[in-house]
Amino acid sequence: MKREPVQSSALQSIGYDKQHKILELEFRDNGGVWQYLKLPPAFYKKFRQAESLGRFFVKKIKGKYEEVRVA
């Protein structure tokens, strides 16, 4: 999946597959890449508009969507 760099202390880059509803995040701390499944497009839009991507991730995504480590 193609990811784009973001301004975040927690995240290096993010990508989203609208057709399959998969969010992909690359984390700064360990360079790990994770996918979050069944994340609706409208919710992804809210994530992208969040003042803090890291805070939004912790409060609204982590532990709430099925996750898979891909790298």
# chains A, B, ... in the order shown; residues from 1 in each chain; ligands from 1
>>> select_by_dssp(residues="chain A", states="strand (DSSP E or B)", output="list in words")
Glu4, Pro5, Leu11, Gln12, Ser13, Ile14, Gly15, Tyr16, Asp17, Ile22, Leu23, Glu24, Leu25, Glu26, Phe27, Val33, Trp34, Gln35, Tyr36, Leu37, Glu67, Val68 and Arg69 of chain A
>>> write_last_selection(atoms="N, CA and C atoms", output="PDB file, in the first residue's frame")
ATOM      1  N   GLU A   4       1.885   7.983   2.739  1.00  0.00           N
ATOM      2  CA  GLU A   4       2.429   9.332   2.616  1.00  0.00           C
ATOM      3  C   GLU A   4       2.972   9.774   3.969  1.00  0.00           C
ATOM      4  N   PRO A   5       4.077  10.511   3.975  1.00  0.00           N
ATOM      5  CA  PRO A   5       4.634  11.019   5.237  1.00  0.00           C
ATOM      6  C   PRO A   5       3.650  11.980   5.905  1.00  0.00           C
ATOM      7  N   LEU A  11       3.685   8.973  14.367  1.00  0.00           N
ATOM      8  CA  LEU A  11       3.567   8.286  13.090  1.00  0.00           C
ATOM      9  C   LEU A  11       4.517   8.845  12.042  1.00  0.00           C
ATOM     10  N   GLN A  12       5.120   7.946  11.281  1.00  0.00           N
ATOM     11  CA  GLN A  12       6.016   8.320  10.190  1.00  0.00           C
ATOM     12  C   GLN A  12       5.223   8.542   8.902  1.00  0.00           C
ATOM     13  N   SER A  13       4.309   7.583   8.603  1.00  0.00           N
ATOM     14  CA  SER A  13       3.528   7.670   7.372  1.00  0.00           C
ATOM     15  C   SER A  13       2.211   6.926   7.542  1.00  0.00           C
ATOM     16  N   ILE A  14       1.240   7.279   6.682  1.00  0.00           N
ATOM     17  CA  ILE A  14      -0.066   6.616   6.716  1.00  0.00           C
ATOM     18  C   ILE A  14      -0.540   6.364   5.285  1.00  0.00           C
ATOM     19  N   GLY A  15      -1.368   5.329   5.151  1.00  0.00           N
ATOM     20  CA  GLY A  15      -1.982   5.026   3.865  1.00  0.00           C
ATOM     21  C   GLY A  15      -3.383   4.482   4.113  1.00  0.00           C
ATOM     22  N   TYR A  16      -4.199   4.549   3.086  1.00  0.00           N
ATOM     23  CA  TYR A  16      -5.575   4.056   3.234  1.00  0.00           C
ATOM     24  C   TYR A  16      -6.045   3.450   1.927  1.00  0.00           C
ATOM     25  N   ASP A  17      -6.606   2.252   2.009  1.00  0.00           N
ATOM     26  CA  ASP A  17      -7.197   1.560   0.868  1.00  0.00           C
ATOM     27  C   ASP A  17      -8.710   1.662   1.032  1.00  0.00           C
ATOM     28  N   ILE A  22      -8.900  -0.427   4.615  1.00  0.00           N
ATOM     29  CA  ILE A  22      -7.724  -0.760   5.414  1.00  0.00           C
ATOM     30  C   ILE A  22      -6.879   0.499   5.625  1.00  0.00           C
ATOM     31  N   LEU A  23      -6.607   0.785   6.884  1.00  0.00           N
ATOM     32  CA  LEU A  23      -5.704   1.876   7.259  1.00  0.00           C
ATOM     33  C   LEU A  23      -4.345   1.262   7.552  1.00  0.00           C
ATOM     34  N   GLU A  24      -3.282   1.833   6.988  1.00  0.00           N
ATOM     35  CA  GLU A  24      -1.935   1.345   7.248  1.00  0.00           C
ATOM     36  C   GLU A  24      -1.117   2.462   7.876  1.00  0.00           C
ATOM     37  N   LEU A  25      -0.486   2.149   8.991  1.00  0.00           N
ATOM     38  CA  LEU A  25       0.292   3.133   9.734  1.00  0.00           C
ATOM     39  C   LEU A  25       1.716   2.640   9.938  1.00  0.00           C
ATOM     40  N   GLU A  26       2.672   3.539   9.708  1.00  0.00           N
ATOM     41  CA  GLU A  26       4.071   3.265  10.022  1.00  0.00           C
ATOM     42  C   GLU A  26       4.430   4.118  11.231  1.00  0.00           C
ATOM     43  N   PHE A  27       4.873   3.455  12.290  1.00  0.00           N
ATOM     44  CA  PHE A  27       5.167   4.143  13.543  1.00  0.00           C
ATOM     45  C   PHE A  27       6.622   4.587  13.607  1.00  0.00           C
ATOM     46  N   VAL A  33       4.996  -1.421  10.927  1.00  0.00           N
ATOM     47  CA  VAL A  33       3.888  -1.080  10.037  1.00  0.00           C
ATOM     48  C   VAL A  33       2.713  -1.990  10.394  1.00  0.00           C
ATOM     49  N   TRP A  34       1.582  -1.365  10.671  1.00  0.00           N
ATOM     50  CA  TRP A  34       0.375  -2.089  11.073  1.00  0.00           C
ATOM     51  C   TRP A  34      -0.786  -1.708  10.174  1.00  0.00           C
ATOM     52  N   GLN A  35      -1.674  -2.662   9.947  1.00  0.00           N
ATOM     53  CA  GLN A  35      -2.911  -2.392   9.214  1.00  0.00           C
ATOM     54  C   GLN A  35      -4.087  -2.545  10.166  1.00  0.00           C
ATOM     55  N   TYR A  36      -5.051  -1.653  10.008  1.00  0.00           N
ATOM     56  CA  TYR A  36      -6.276  -1.654  10.802  1.00  0.00           C
ATOM     57  C   TYR A  36      -7.425  -1.884   9.833  1.00  0.00           C
ATOM     58  N   LEU A  37      -8.183  -2.953  10.085  1.00  0.00           N
ATOM     59  CA  LEU A  37      -9.162  -3.444   9.121  1.00  0.00           C
ATOM     60  C   LEU A  37     -10.569  -2.922   9.377  1.00  0.00           C
ATOM     61  N   GLU A  67      -6.323  -5.549  14.035  1.00  0.00           N
ATOM     62  CA  GLU A  67      -5.040  -5.065  13.573  1.00  0.00           C
ATOM     63  C   GLU A  67      -4.117  -6.217  13.188  1.00  0.00           C
ATOM     64  N   VAL A  68      -3.271  -5.936  12.197  1.00  0.00           N
ATOM     65  CA  VAL A  68      -2.332  -6.941  11.708  1.00  0.00           C
ATOM     66  C   VAL A  68      -0.992  -6.243  11.489  1.00  0.00           C
ATOM     67  N   ARG A  69       0.071  -6.821  12.040  1.00  0.00           N
ATOM     68  CA  ARG A  69       1.409  -6.263  11.781  1.00  0.00           C
ATOM     69  C   ARG A  69       1.896  -6.778  10.436  1.00  0.00           C
TER      70      ARG A  69
END
>>> residues_around(residues="A:Phe57", least_positions_apart="2", cutoff="12 Å", atoms="only C-alpha atoms", output="VMD selection string")
chain A and resid 8 10 to 11 14 23 to 25 27 36 43 to 44 46 to 48 50 to 55 59 to 65
>>> closest_residue(among="A:Lys21, A:Arg28, A:Val58, A:Arg3", to="A:Pro41", atoms="only C-alpha atoms")
A:Lys21
>>> atom_distance(atom1="atom CA of A:Lys18", atom2="atom CA of A:Lys2")
12.1 Å
>>> closest_residue(among="A:Lys38, A:Glu66, A:Gly32, A:His20", to="A:Met1", atoms="only C-alpha atoms")
A:His20
>>> select_by_dssp(residues="stretch 7-52 of chain A", states="helix (DSSP H, G or I)", output="JSON, numbers by chain")
{"A": [41, 42, 43, 44, 45, 46, 47, 48, 49]}
>>> write_last_selection(atoms="N, CA and C atoms", output="short mmCIF file (atom, residue, chain, number, x, y, z; two decimals), in the first residue's frame")
data_model
loop_
_atom_site.label_atom_id
_atom_site.label_comp_id
_atom_site.auth_asym_id
_atom_site.auth_seq_id
_atom_site.Cartn_x
_atom_site.Cartn_y
_atom_site.Cartn_z
N PRO A 41 -14.39 4.82 5.32
CA PRO A 41 -13.80 6.01 4.69
C PRO A 41 -14.09 7.31 5.45
N ALA A 42 -15.30 7.47 5.95
CA ALA A 42 -15.65 8.70 6.68
C ALA A 42 -14.82 8.81 7.96
N PHE A 43 -14.55 7.68 8.59
CA PHE A 43 -13.75 7.68 9.81
C PHE A 43 -12.30 8.02 9.47
N TYR A 44 -11.80 7.52 8.34
CA TYR A 44 -10.44 7.85 7.90
C TYR A 44 -10.33 9.36 7.68
N LYS A 45 -11.36 9.95 7.10
CA LYS A 45 -11.35 11.39 6.85
C LYS A 45 -11.24 12.16 8.17
N LYS A 46 -11.96 11.71 9.20
CA LYS A 46 -11.88 12.35 10.52
C LYS A 46 -10.47 12.20 11.09
N PHE A 47 -9.89 11.03 10.91
CA PHE A 47 -8.52 10.79 11.38
C PHE A 47 -7.55 11.76 10.72
N ARG A 48 -7.64 11.92 9.42
CA ARG A 48 -6.74 12.81 8.67
C ARG A 48 -6.89 14.27 9.11
N GLN A 49 -8.07 14.64 9.56
CA GLN A 49 -8.34 16.03 9.96
C GLN A 49 -8.06 16.29 11.44
#
